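See below for upload_31.cif, which holds mmCIF, C-alpha atoms.
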```cif
data_data
#
loop_
_atom_site.label_atom_id
_atom_site.label_comp_id
_atom_site.auth_asym_id
_atom_site.auth_seq_id
_atom_site.Cartn_x
_atom_site.Cartn_y
_atom_site.Cartn_z
CA MET A 1 -22.80 6.52 8.23
CA VAL A 2 -19.56 5.10 6.94
CA ASN A 3 -18.16 1.61 6.83
CA TYR A 4 -14.65 1.23 8.07
CA PRO A 5 -12.31 -1.30 6.50
CA GLY A 6 -13.30 -4.58 8.09
CA GLY A 7 -16.93 -3.66 8.08
CA THR A 8 -17.22 -2.01 11.49
CA LYS A 9 -19.88 0.66 11.28
CA LYS A 10 -19.22 4.07 12.75
CA THR A 11 -21.26 7.21 12.91
CA GLU A 12 -19.98 10.76 13.42
CA TYR A 13 -17.06 10.53 11.06
CA ALA A 14 -17.80 13.85 9.43
CA LYS A 15 -15.32 15.56 11.71
CA VAL A 16 -12.40 13.34 10.80
CA THR A 17 -9.87 14.48 8.21
CA SER A 18 -9.42 12.88 4.84
CA SER A 19 -7.34 10.01 6.14
CA GLY A 20 -10.07 8.99 8.51
CA GLY A 21 -13.44 9.42 6.94
CA ARG A 22 -14.12 12.23 4.48
CA GLY A 23 -14.55 10.93 0.98
CA MET A 24 -15.76 7.57 2.24
CA ASP A 25 -18.52 7.19 -0.32
CA LEU A 26 -16.13 7.63 -3.22
CA GLU A 27 -13.74 5.33 -1.40
CA LYS A 28 -16.39 2.64 -1.04
CA GLU A 29 -17.25 2.88 -4.71
CA ILE A 30 -13.62 2.64 -5.76
CA ASN A 31 -13.11 -0.32 -3.45
CA ARG A 32 -16.09 -2.06 -5.00
CA THR A 33 -14.74 -1.34 -8.48
CA ASN A 34 -11.31 -2.66 -7.51
CA ALA A 35 -12.89 -5.81 -6.06
CA TYR A 36 -14.61 -6.38 -9.41
CA TYR A 37 -11.38 -5.79 -11.33
CA LEU A 38 -9.71 -8.32 -9.02
CA ASP A 39 -12.51 -10.91 -9.29
CA THR A 40 -12.42 -10.73 -13.07
CA ASP A 41 -8.61 -10.82 -13.02
CA ARG A 42 -8.40 -7.56 -14.92
CA ALA A 43 -6.12 -5.72 -12.49
CA VAL A 44 -4.75 -6.02 -8.97
CA ILE A 45 -5.32 -2.64 -7.31
CA HIS A 46 -5.84 -2.11 -3.58
CA LYS A 47 -6.41 0.75 -1.21
CA LYS A 48 -3.64 1.05 1.34
CA PRO A 49 -4.73 0.83 4.98
CA THR A 50 -5.31 4.14 6.77
CA PRO A 51 -1.96 5.05 8.34
CA VAL A 52 -2.18 5.10 12.11
CA THR A 53 0.38 5.75 14.84
CA ILE A 54 -0.14 3.14 17.52
CA VAL A 55 0.69 4.29 21.05
CA LYS A 56 -0.86 1.75 23.40
CA VAL A 57 -1.84 -1.89 23.04
CA ASP A 58 -3.53 -4.12 25.60
CA TYR A 59 -3.09 -7.88 25.60
CA PRO A 60 -6.14 -9.33 27.30
CA LYS A 61 -5.72 -12.98 28.17
CA ARG A 62 -7.10 -15.40 25.58
CA SER A 63 -8.24 -12.68 23.22
CA ALA A 64 -6.89 -10.49 20.48
CA ALA A 65 -4.52 -7.61 21.13
CA LYS A 66 -6.52 -4.40 21.55
CA ILE A 67 -5.19 -1.03 20.48
CA THR A 68 -6.32 1.51 23.08
CA GLU A 69 -4.52 4.62 21.91
CA ALA A 70 -3.68 5.54 18.34
CA TYR A 71 -3.80 8.57 16.07
CA PHE A 72 -4.41 9.20 12.40
CA LYS A 73 -1.22 9.95 10.52
CA ILE A 74 -0.59 12.05 7.43
CA PRO A 75 -0.12 9.61 4.53
CA SER A 76 3.29 9.66 2.83
CA THR A 77 1.97 8.21 -0.41
CA THR A 78 -1.28 8.05 -2.32
CA ASP A 79 -4.07 5.74 -1.17
CA TYR A 80 -4.24 3.37 -4.13
CA ASN A 81 -1.76 1.41 -6.15
CA GLY A 82 -1.38 -1.82 -8.03
CA ILE A 83 -0.72 -3.41 -11.39
CA TYR A 84 -2.67 -3.16 -14.65
CA ARG A 85 -1.66 -4.53 -18.05
CA GLY A 86 1.85 -5.06 -16.73
CA LYS A 87 2.17 -1.44 -15.59
CA TYR A 88 2.47 0.04 -12.11
CA LEU A 89 -0.62 2.16 -11.48
CA ASP A 90 -0.95 4.76 -8.72
CA PHE A 91 -3.62 7.27 -7.79
CA GLU A 92 -5.20 9.42 -5.15
CA ALA A 93 -8.96 9.96 -4.82
CA LYS A 94 -10.70 12.96 -3.27
CA GLU A 95 -14.20 14.18 -2.78
CA CYS A 96 -14.97 17.86 -3.08
CA ALA A 97 -18.01 19.46 -1.48
CA LEU A 98 -17.72 22.75 -3.39
CA ASN A 99 -19.23 23.20 -6.84
CA THR A 100 -16.85 25.79 -8.13
CA SER A 101 -13.37 24.57 -7.23
CA PHE A 102 -11.22 21.89 -5.62
CA PRO A 103 -9.07 23.24 -2.74
CA LEU A 104 -5.46 22.11 -3.10
CA LYS A 105 -5.07 21.91 0.66
CA SER A 106 -6.95 18.62 0.57
CA VAL A 107 -3.94 17.09 -1.18
CA HIS A 108 -0.86 16.58 1.00
CA PRO A 109 2.45 17.85 -0.41
CA HIS A 110 3.86 14.32 0.21
CA GLN A 111 1.30 12.98 -2.21
CA ILE A 112 2.30 15.40 -4.96
CA VAL A 113 5.97 14.49 -4.45
CA HIS A 114 5.03 10.81 -4.54
CA LEU A 115 3.01 11.14 -7.76
CA ASP A 116 5.89 13.01 -9.36
CA ALA A 117 8.36 10.28 -8.31
CA VAL A 118 6.32 7.34 -9.60
CA LEU A 119 5.68 9.21 -12.88
CA ARG A 120 9.42 9.58 -13.39
CA HIS A 121 9.76 5.83 -12.90
CA GLY A 122 7.16 5.01 -15.52
CA ALA A 123 3.88 4.71 -13.61
CA LEU A 124 0.37 5.31 -14.82
CA ALA A 125 -0.44 8.03 -12.26
CA PHE A 126 -3.56 10.12 -11.86
CA MET A 127 -6.11 11.60 -9.51
CA ILE A 128 -9.81 10.92 -9.18
CA VAL A 129 -11.79 13.96 -8.00
CA ARG A 130 -15.50 13.83 -7.31
CA PHE A 131 -17.60 16.97 -7.14
CA THR A 132 -20.10 15.49 -4.74
CA LYS A 133 -23.02 17.84 -5.26
CA LEU A 134 -22.62 17.85 -9.02
CA GLU A 135 -22.32 14.06 -8.97
CA GLU A 136 -19.42 14.24 -11.39
CA THR A 137 -16.26 12.19 -10.99
CA TYR A 138 -13.19 13.27 -12.92
CA PHE A 139 -10.04 11.46 -13.93
CA VAL A 140 -7.04 13.81 -14.22
CA GLU A 141 -3.53 12.77 -15.18
CA ALA A 142 -1.07 13.36 -12.34
CA ARG A 143 1.21 15.38 -14.65
CA LYS A 144 -1.48 18.03 -15.07
CA VAL A 145 -2.22 18.30 -11.36
CA ILE A 146 1.50 18.57 -10.59
CA ASP A 147 1.95 21.31 -13.17
CA PHE A 148 -0.97 23.23 -11.67
CA TRP A 149 0.50 22.74 -8.19
CA ASN A 150 3.97 23.85 -9.29
CA ALA A 151 2.63 26.96 -10.98
CA GLY A 152 1.66 27.92 -7.43
CA GLU A 153 -0.65 30.68 -8.56
CA ARG A 154 -3.89 29.45 -7.06
CA ARG A 155 -4.97 27.67 -3.93
CA SER A 156 -7.70 25.76 -5.65
CA ILE A 157 -8.35 24.22 -9.04
CA PRO A 158 -11.49 25.63 -10.69
CA TYR A 159 -14.23 23.19 -11.61
CA LYS A 160 -13.95 24.39 -15.20
CA TRP A 161 -10.33 23.20 -15.30
CA PHE A 162 -11.48 19.63 -14.56
CA ALA A 163 -14.09 19.78 -17.27
CA GLU A 164 -11.41 20.96 -19.73
CA ASN A 165 -8.44 18.86 -18.60
CA GLY A 166 -10.03 15.78 -17.09
CA PHE A 167 -12.26 12.95 -18.20
CA LEU A 168 -15.63 12.08 -16.71
CA ILE A 169 -15.44 8.57 -15.30
CA PRO A 170 -18.32 6.29 -16.26
CA GLY A 171 -19.79 3.83 -13.79
CA ASN A 172 -22.31 1.07 -13.38
CA PHE A 173 -23.52 -1.16 -10.59
CA LEU A 174 -20.60 -3.59 -10.79
CA MET A 175 -17.98 -0.90 -11.38
CA PRO A 176 -19.28 2.32 -9.83
CA VAL A 177 -16.08 4.19 -10.77
CA ASP A 178 -14.80 2.44 -13.87
CA TYR A 179 -11.56 4.42 -14.13
CA LEU A 180 -9.72 1.72 -16.11
CA LYS A 181 -11.91 2.68 -19.06
CA ILE A 182 -10.17 6.07 -19.02
CA VAL A 183 -6.77 4.45 -18.46
CA ASP A 184 -7.37 2.29 -21.56
CA ARG A 185 -8.28 5.34 -23.57
CA ILE A 186 -5.49 7.72 -22.61
CA TYR A 187 -2.58 5.36 -21.97
CA PHE A 188 -3.39 2.52 -24.37
CA ASN A 189 -5.31 4.45 -27.06
CA GLU A 190 -8.35 2.24 -26.81
CA GLY A 191 -12.09 2.75 -26.75
CA GLY A 192 -12.08 6.17 -28.40
CA MET B 193 12.17 -2.48 21.72
CA VAL B 194 10.50 -1.71 18.44
CA ASN B 195 9.79 1.52 16.66
CA TYR B 196 6.30 1.91 15.32
CA PRO B 197 5.67 3.81 12.10
CA GLY B 198 5.76 7.42 13.13
CA GLY B 199 8.53 6.78 15.59
CA THR B 200 6.53 6.03 18.72
CA LYS B 201 8.49 3.61 20.83
CA LYS B 202 6.79 0.60 22.32
CA THR B 203 8.00 -2.24 24.43
CA GLU B 204 6.38 -5.66 24.86
CA TYR B 205 5.54 -6.25 21.23
CA ALA B 206 6.89 -9.78 21.28
CA LYS B 207 3.40 -11.16 21.78
CA VAL B 208 1.88 -9.47 18.74
CA THR B 209 1.58 -11.38 15.47
CA SER B 210 3.45 -10.54 12.33
CA SER B 211 1.19 -7.66 11.39
CA GLY B 212 1.92 -5.93 14.66
CA GLY B 213 5.48 -6.43 15.71
CA ARG B 214 7.33 -9.62 14.95
CA GLY B 215 9.91 -9.11 12.25
CA MET B 216 10.34 -5.49 13.17
CA ASP B 217 14.11 -5.51 12.87
CA LEU B 218 13.99 -6.81 9.33
CA GLU B 219 11.18 -4.34 8.68
CA LYS B 220 13.26 -1.44 9.96
CA GLU B 221 16.18 -2.45 7.78
CA ILE B 222 14.01 -2.78 4.71
CA ASN B 223 12.42 0.60 5.44
CA ARG B 224 15.85 2.17 5.70
CA THR B 225 16.89 0.54 2.43
CA ASN B 226 13.71 1.76 0.73
CA ALA B 227 14.34 5.28 2.05
CA TYR B 228 17.78 5.20 0.47
CA TYR B 229 16.40 3.90 -2.84
CA LEU B 230 13.87 6.75 -2.71
CA ASP B 231 16.44 9.42 -1.80
CA THR B 232 18.69 8.36 -4.65
CA ASP B 233 15.67 8.15 -7.00
CA ARG B 234 16.43 4.53 -7.78
CA ALA B 235 13.00 3.13 -6.92
CA VAL B 236 9.76 4.12 -5.19
CA ILE B 237 8.91 1.30 -2.81
CA HIS B 238 6.97 1.68 0.43
CA LYS B 239 5.70 -0.47 3.23
CA LYS B 240 1.93 -0.40 3.52
CA PRO B 241 0.55 0.74 6.86
CA THR B 242 -0.39 -2.00 9.33
CA PRO B 243 -4.04 -2.79 8.65
CA VAL B 244 -6.21 -1.94 11.61
CA THR B 245 -9.97 -2.14 12.21
CA ILE B 246 -11.03 1.05 13.94
CA VAL B 247 -13.95 0.68 16.34
CA LYS B 248 -14.01 3.82 18.50
CA VAL B 249 -12.71 7.33 17.98
CA ASP B 250 -12.81 10.24 20.43
CA TYR B 251 -12.84 13.83 19.28
CA PRO B 252 -11.39 15.92 22.09
CA LYS B 253 -11.95 19.63 21.61
CA ARG B 254 -9.07 21.48 19.97
CA SER B 255 -6.93 18.39 19.53
CA ALA B 256 -6.47 15.51 17.17
CA ALA B 257 -8.96 12.67 16.87
CA LYS B 258 -7.92 9.83 19.18
CA ILE B 259 -8.57 6.20 18.34
CA THR B 260 -9.51 4.43 21.57
CA GLU B 261 -10.44 1.00 20.29
CA ALA B 262 -8.96 -0.80 17.31
CA TYR B 263 -7.72 -4.26 16.38
CA PHE B 264 -5.01 -5.66 14.16
CA LYS B 265 -6.39 -7.08 10.95
CA ILE B 266 -5.12 -9.89 8.73
CA PRO B 267 -3.51 -8.24 5.72
CA SER B 268 -5.11 -8.98 2.35
CA THR B 269 -1.96 -8.21 0.40
CA THR B 270 1.78 -8.22 0.93
CA ASP B 271 3.43 -5.49 2.98
CA TYR B 272 5.60 -3.87 0.32
CA ASN B 273 5.07 -2.66 -3.19
CA GLY B 274 6.21 0.01 -5.60
CA ILE B 275 7.90 0.69 -8.90
CA TYR B 276 11.41 -0.15 -10.09
CA ARG B 277 12.83 0.30 -13.59
CA GLY B 278 9.32 0.83 -14.88
CA LYS B 279 8.06 -2.45 -13.38
CA TYR B 280 5.56 -3.08 -10.61
CA LEU B 281 7.41 -4.74 -7.73
CA ASP B 282 5.76 -6.58 -4.84
CA PHE B 283 7.06 -8.58 -1.91
CA GLU B 284 6.49 -9.89 1.58
CA ALA B 285 9.18 -10.01 4.26
CA LYS B 286 9.33 -12.43 7.18
CA GLU B 287 11.68 -13.20 10.01
CA CYS B 288 12.13 -16.78 11.12
CA ALA B 289 13.39 -17.68 14.59
CA LEU B 290 14.08 -21.33 13.73
CA ASN B 291 17.36 -22.47 12.21
CA THR B 292 16.08 -25.48 10.37
CA SER B 293 12.91 -24.39 8.61
CA PHE B 294 10.45 -21.59 7.86
CA PRO B 295 6.87 -22.39 9.01
CA LEU B 296 4.37 -21.69 6.24
CA LYS B 297 1.77 -20.65 8.75
CA SER B 298 3.56 -17.32 9.09
CA VAL B 299 2.41 -16.49 5.55
CA HIS B 300 -1.31 -15.74 5.17
CA PRO B 301 -3.12 -17.59 2.37
CA HIS B 302 -4.31 -14.14 1.14
CA GLN B 303 -0.72 -13.20 0.58
CA ILE B 304 0.01 -16.26 -1.54
CA VAL B 305 -3.10 -15.57 -3.63
CA HIS B 306 -2.00 -11.95 -3.99
CA LEU B 307 1.53 -12.85 -5.07
CA ASP B 308 0.12 -15.28 -7.62
CA ALA B 309 -2.23 -12.59 -9.00
CA VAL B 310 0.41 -9.88 -9.39
CA LEU B 311 2.77 -12.40 -11.01
CA ARG B 312 0.13 -13.20 -13.62
CA HIS B 313 -0.12 -9.47 -14.34
CA GLY B 314 3.61 -9.08 -14.90
CA ALA B 315 4.99 -8.07 -11.50
CA LEU B 316 8.44 -8.65 -10.10
CA ALA B 317 7.27 -10.61 -7.05
CA PHE B 318 9.28 -12.28 -4.33
CA MET B 319 9.71 -12.95 -0.63
CA ILE B 320 12.45 -11.91 1.74
CA VAL B 321 13.02 -14.40 4.54
CA ARG B 322 15.49 -13.81 7.33
CA PHE B 323 16.78 -16.63 9.49
CA THR B 324 17.37 -14.43 12.50
CA LYS B 325 19.79 -16.60 14.46
CA LEU B 326 21.80 -17.52 11.41
CA GLU B 327 21.84 -13.85 10.35
CA GLU B 328 21.07 -14.84 6.78
CA THR B 329 18.50 -13.02 4.66
CA TYR B 330 17.22 -14.78 1.55
CA PHE B 331 15.52 -13.53 -1.56
CA VAL B 332 13.16 -16.11 -3.10
CA GLU B 333 11.09 -15.63 -6.22
CA ALA B 334 7.36 -15.74 -5.47
CA ARG B 335 6.85 -18.42 -8.13
CA LYS B 336 8.99 -20.87 -6.17
CA VAL B 337 7.25 -20.20 -2.86
CA ILE B 338 3.83 -20.59 -4.52
CA ASP B 339 4.87 -23.90 -6.07
CA PHE B 340 6.07 -25.14 -2.70
CA TRP B 341 2.81 -23.98 -1.10
CA ASN B 342 0.68 -25.60 -3.81
CA ALA B 343 2.51 -28.89 -3.51
CA GLY B 344 0.99 -28.92 -0.04
CA GLU B 345 3.26 -31.66 1.21
CA ARG B 346 4.98 -29.85 4.04
CA ARG B 347 4.04 -27.31 6.63
CA SER B 348 7.39 -25.62 6.58
CA ILE B 349 10.12 -24.89 4.07
CA PRO B 350 13.49 -26.38 5.10
CA TYR B 351 16.39 -23.99 5.54
CA LYS B 352 18.30 -26.03 2.94
CA TRP B 353 15.61 -25.20 0.35
CA PHE B 354 16.36 -21.47 0.78
CA ALA B 355 20.08 -22.04 0.38
CA GLU B 356 19.39 -23.97 -2.83
CA ASN B 357 16.54 -21.92 -4.32
CA GLY B 358 17.11 -18.45 -2.92
CA PHE B 359 19.78 -15.78 -3.04
CA LEU B 360 21.56 -14.31 -0.04
CA ILE B 361 20.83 -10.59 0.06
CA PRO B 362 23.88 -8.37 0.60
CA GLY B 363 23.69 -5.29 2.79
CA ASN B 364 25.64 -2.31 4.00
CA PHE B 365 25.04 0.61 6.30
CA LEU B 366 23.08 2.67 3.78
CA MET B 367 21.18 -0.29 2.35
CA PRO B 368 20.97 -2.94 5.09
CA VAL B 369 18.90 -5.26 2.85
CA ASP B 370 19.94 -4.39 -0.71
CA TYR B 371 17.41 -6.63 -2.42
CA LEU B 372 17.43 -4.64 -5.67
CA LYS B 373 20.88 -6.08 -6.31
CA ILE B 374 19.22 -9.50 -6.56
CA VAL B 375 16.35 -8.07 -8.63
CA ASP B 376 18.91 -6.66 -11.08
CA ARG B 377 20.61 -10.02 -11.31
CA ILE B 378 17.64 -12.31 -11.76
CA TYR B 379 15.16 -10.13 -13.65
CA PHE B 380 17.51 -7.86 -15.59
CA ASN B 381 20.53 -10.20 -15.97
CA GLU B 382 22.94 -7.75 -14.44
CA GLY B 383 25.76 -7.88 -11.94
CA GLY B 384 26.52 -11.62 -12.36
#
```

As structure tokens, how would this structure be written, given the file I've shared?
Amino acid sequence: MVNYPGGTKKTEYAKVTSSGGRGMDLEKEINRTNAYYLDTDRAVIHKKPTPVTIVKVDYPKRSAAKITEAYFKIPSTTDYNGIYRGKYLDFEAKECALNTSFPLKSVHPHQIVHLDAVLRHGALAFMIVRFTKLEETYFVEARKVIDFWNAGERRSIPYKWFAENGFLIPGNFLMPVDYLKIVDRIYFNEGG
Amino acid sequence: MVNYPGGTKKTEYAKVTSSGGRGMDLEKEINRTNAYYLDTDRAVIHKKPTPVTIVKVDYPKRSAAKITEAYFKIPSTTDYNGIYRGKYLDFEAKECALNTSFPLKSVHPHQIVHLDAVLRHGALAFMIVRFTKLEETYFVEARKVIDFWNAGERRSIPYKWFAENGFLIPGNFLMPVDYLKIVDRIYFNEGG
């Protein structure tokens, strides 16, 4: 069971690709964390809406326009961006069902190009990868993922690589995925 | 005739609210400008997808998931954001069919709250307002719009106010709405 943006409940989303449903639990937790950051005025970071190509719209009299045909679209950027401590911040989040490695095919080439572009312009850019079964959520700097991608030697990133190159993200009830703690540590040299 | 993201052509969008169709010409021109900024590696600024609440999805065998029921949603942020010269940049764009004033009801309260929040965090934040019939496109700093909004005295901003408080945005074929020229001038003191 997953909650769609807007709160409409849908079942059977397991078949949908990443833009439509997979990774929804991590997404919900990040959204909750972002809402807390926003409420406490710590950062302004939002998930972008799921990109959809709209084909048909009905206009019933005296009620809201109803989209009757639309398709999920491949995203041209990452899902999350915003501002933190005066800096542009940008990231992509993915869940991974395997224990041993993270398949690179779950990241769109557009997203790698985008992360590379924002990095060049001075962004704080990273990925959040959750190994679902292991219940471990890693923060990895975008630079490292891009370098791995560019090396082009492997189709997936081994779990071990995350343990060595990433940072485990702590969480609590209010901030289930408190990634700004890692941002503070690696970009602002705070909190050890 | 308007082009939806993804290039699907639709007629009859005049009835849809701002999130669905109105202002599409300005939107297209801004998208083209942003594409040029991106191609020339000057900035990374994208329009967010139109927010939609998805209610029903069909999964035909051997073809893409088809959304069969969805509704336009009120956006919780502005439509555009990105990074320029190392700074987080954020804006909303609106077309205005009247010659004499811009009705404030075409801006969602969420968007004003959002602009105020990103400003506090150090963003370059502004609005682009086009008076369609006059063929004039103004750049106005978010701070000024928020102050006008907070004063709460009027339900629309007079055209004259834009001429006095805003900046006319130049354009050309490659960059139909070259708003970064104004950003350079007012935030970086460049180009007179």

Report as JSON lines the residues of chain A within 6 Å of chain B, each with its shortest atom pair and distance in Å (one decimal), using only C-alpha atoms, ordered by chain and increasing residue number.
```
{"residue": "A:Gly6", "atom": "CA", "partner": "B:Thr245", "partner_atom": "CA", "distance": 5.8}
{"residue": "A:Pro49", "atom": "CA", "partner": "B:Pro243", "partner_atom": "CA", "distance": 5.2}
{"residue": "A:Pro51", "atom": "CA", "partner": "B:Pro241", "partner_atom": "CA", "distance": 5.2}
{"residue": "A:Thr53", "atom": "CA", "partner": "B:Gly198", "partner_atom": "CA", "distance": 5.9}
{"residue": "A:Lys66", "atom": "CA", "partner": "B:Tyr263", "partner_atom": "CA", "distance": 5.3}
{"residue": "A:Ile67", "atom": "CA", "partner": "B:Ala262", "partner_atom": "CA", "distance": 4.9}
{"residue": "A:Thr68", "atom": "CA", "partner": "B:Thr260", "partner_atom": "CA", "distance": 4.6}
{"residue": "A:Glu69", "atom": "CA", "partner": "B:Thr260", "partner_atom": "CA", "distance": 5.0}
{"residue": "A:Ala70", "atom": "CA", "partner": "B:Ile259", "partner_atom": "CA", "distance": 4.9}
{"residue": "A:Tyr71", "atom": "CA", "partner": "B:Lys258", "partner_atom": "CA", "distance": 5.3}
{"residue": "A:Gly86", "atom": "CA", "partner": "B:Gly314", "partner_atom": "CA", "distance": 4.8}
{"residue": "A:Tyr88", "atom": "CA", "partner": "B:Tyr280", "partner_atom": "CA", "distance": 4.6}
{"residue": "A:His121", "atom": "CA", "partner": "B:Gly278", "partner_atom": "CA", "distance": 5.4}
{"residue": "A:Gly122", "atom": "CA", "partner": "B:Gly278", "partner_atom": "CA", "distance": 4.7}
```

Prev. selection, C-alpha atoms, output as a PDB file, in the frame of the given file:
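In the end it all went to again_23.pdb:
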```
ATOM      1  CA  GLY A   6     -13.300  -4.580   8.090  1.00  0.00           C
ATOM      2  CA  PRO A  49      -4.730   0.830   4.980  1.00  0.00           C
ATOM      3  CA  PRO A  51      -1.960   5.050   8.340  1.00  0.00           C
ATOM      4  CA  THR A  53       0.380   5.750  14.840  1.00  0.00           C
ATOM      5  CA  LYS A  66      -6.520  -4.400  21.550  1.00  0.00           C
ATOM      6  CA  ILE A  67      -5.190  -1.030  20.480  1.00  0.00           C
ATOM      7  CA  THR A  68      -6.320   1.510  23.080  1.00  0.00           C
ATOM      8  CA  GLU A  69      -4.520   4.620  21.910  1.00  0.00           C
ATOM      9  CA  ALA A  70      -3.680   5.540  18.340  1.00  0.00           C
ATOM     10  CA  TYR A  71      -3.800   8.570  16.070  1.00  0.00           C
ATOM     11  CA  GLY A  86       1.850  -5.060 -16.730  1.00  0.00           C
ATOM     12  CA  TYR A  88       2.470   0.040 -12.110  1.00  0.00           C
ATOM     13  CA  HIS A 121       9.760   5.830 -12.900  1.00  0.00           C
ATOM     14  CA  GLY A 122       7.160   5.010 -15.520  1.00  0.00           C
TER      15      GLY A 122
END
```

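Nearest residue to A:Ile169 among A:Glu190, A:Glu153, A:Asp116, A:Glu136 is A:Glu136, counting only C-alpha atoms.
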
Selection result for the PyMOL selection byres ((chain B and resi 364) around 12) on this file, as a PyMOL selection string: chain B and resi 221-222+224-225+228+361-363+365-371+373

Could you take the residues named above and write them with C-alpha atoms, as a tab-separated table (two decimals), keeping the file's coordinate frame?
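What ended up in result-v5.tsv:
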```tsv
chain	number	residue	atom	x	y	z
B	221	GLU	CA	16.18	-2.45	7.78
B	222	ILE	CA	14.01	-2.78	4.71
B	224	ARG	CA	15.85	2.17	5.70
B	225	THR	CA	16.89	0.54	2.43
B	228	TYR	CA	17.78	5.20	0.47
B	361	ILE	CA	20.83	-10.59	0.06
B	362	PRO	CA	23.88	-8.37	0.60
B	363	GLY	CA	23.69	-5.29	2.79
B	365	PHE	CA	25.04	0.61	6.30
B	366	LEU	CA	23.08	2.67	3.78
B	367	MET	CA	21.18	-0.29	2.35
B	368	PRO	CA	20.97	-2.94	5.09
B	369	VAL	CA	18.90	-5.26	2.85
B	370	ASP	CA	19.94	-4.39	-0.71
B	371	TYR	CA	17.41	-6.63	-2.42
B	373	LYS	CA	20.88	-6.08	-6.31
```

Residues matched by the PyMOL selection byres ((chain B and resi 334-342) around 9) as a CSV table (one decimal) with C-alpha atoms, in the frame of the given file:
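selection06.csv was written with the following content:
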```csv
chain,number,residue,atom,x,y,z
B,283,PHE,CA,7.1,-8.6,-1.9
B,296,LEU,CA,4.4,-21.7,6.2
B,304,ILE,CA,0.0,-16.3,-1.5
B,305,VAL,CA,-3.1,-15.6,-3.6
B,307,LEU,CA,1.5,-12.8,-5.1
B,308,ASP,CA,0.1,-15.3,-7.6
B,311,LEU,CA,2.8,-12.4,-11.0
B,316,LEU,CA,8.4,-8.6,-10.1
B,317,ALA,CA,7.3,-10.6,-7.0
B,318,PHE,CA,9.3,-12.3,-4.3
B,319,MET,CA,9.7,-13.0,-0.6
B,332,VAL,CA,13.2,-16.1,-3.1
B,333,GLU,CA,11.1,-15.6,-6.2
B,343,ALA,CA,2.5,-28.9,-3.5
B,344,GLY,CA,1.0,-28.9,0.0
B,345,GLU,CA,3.3,-31.7,1.2
B,346,ARG,CA,5.0,-29.8,4.0
B,347,ARG,CA,4.0,-27.3,6.6
B,349,ILE,CA,10.1,-24.9,4.1
B,357,ASN,CA,16.5,-21.9,-4.3
```

Which of B:Asp250, B:Asp217, B:Glu356, B:Asp231 sits closest to B:Cys288 [using only C-alpha atoms]: B:Asp217
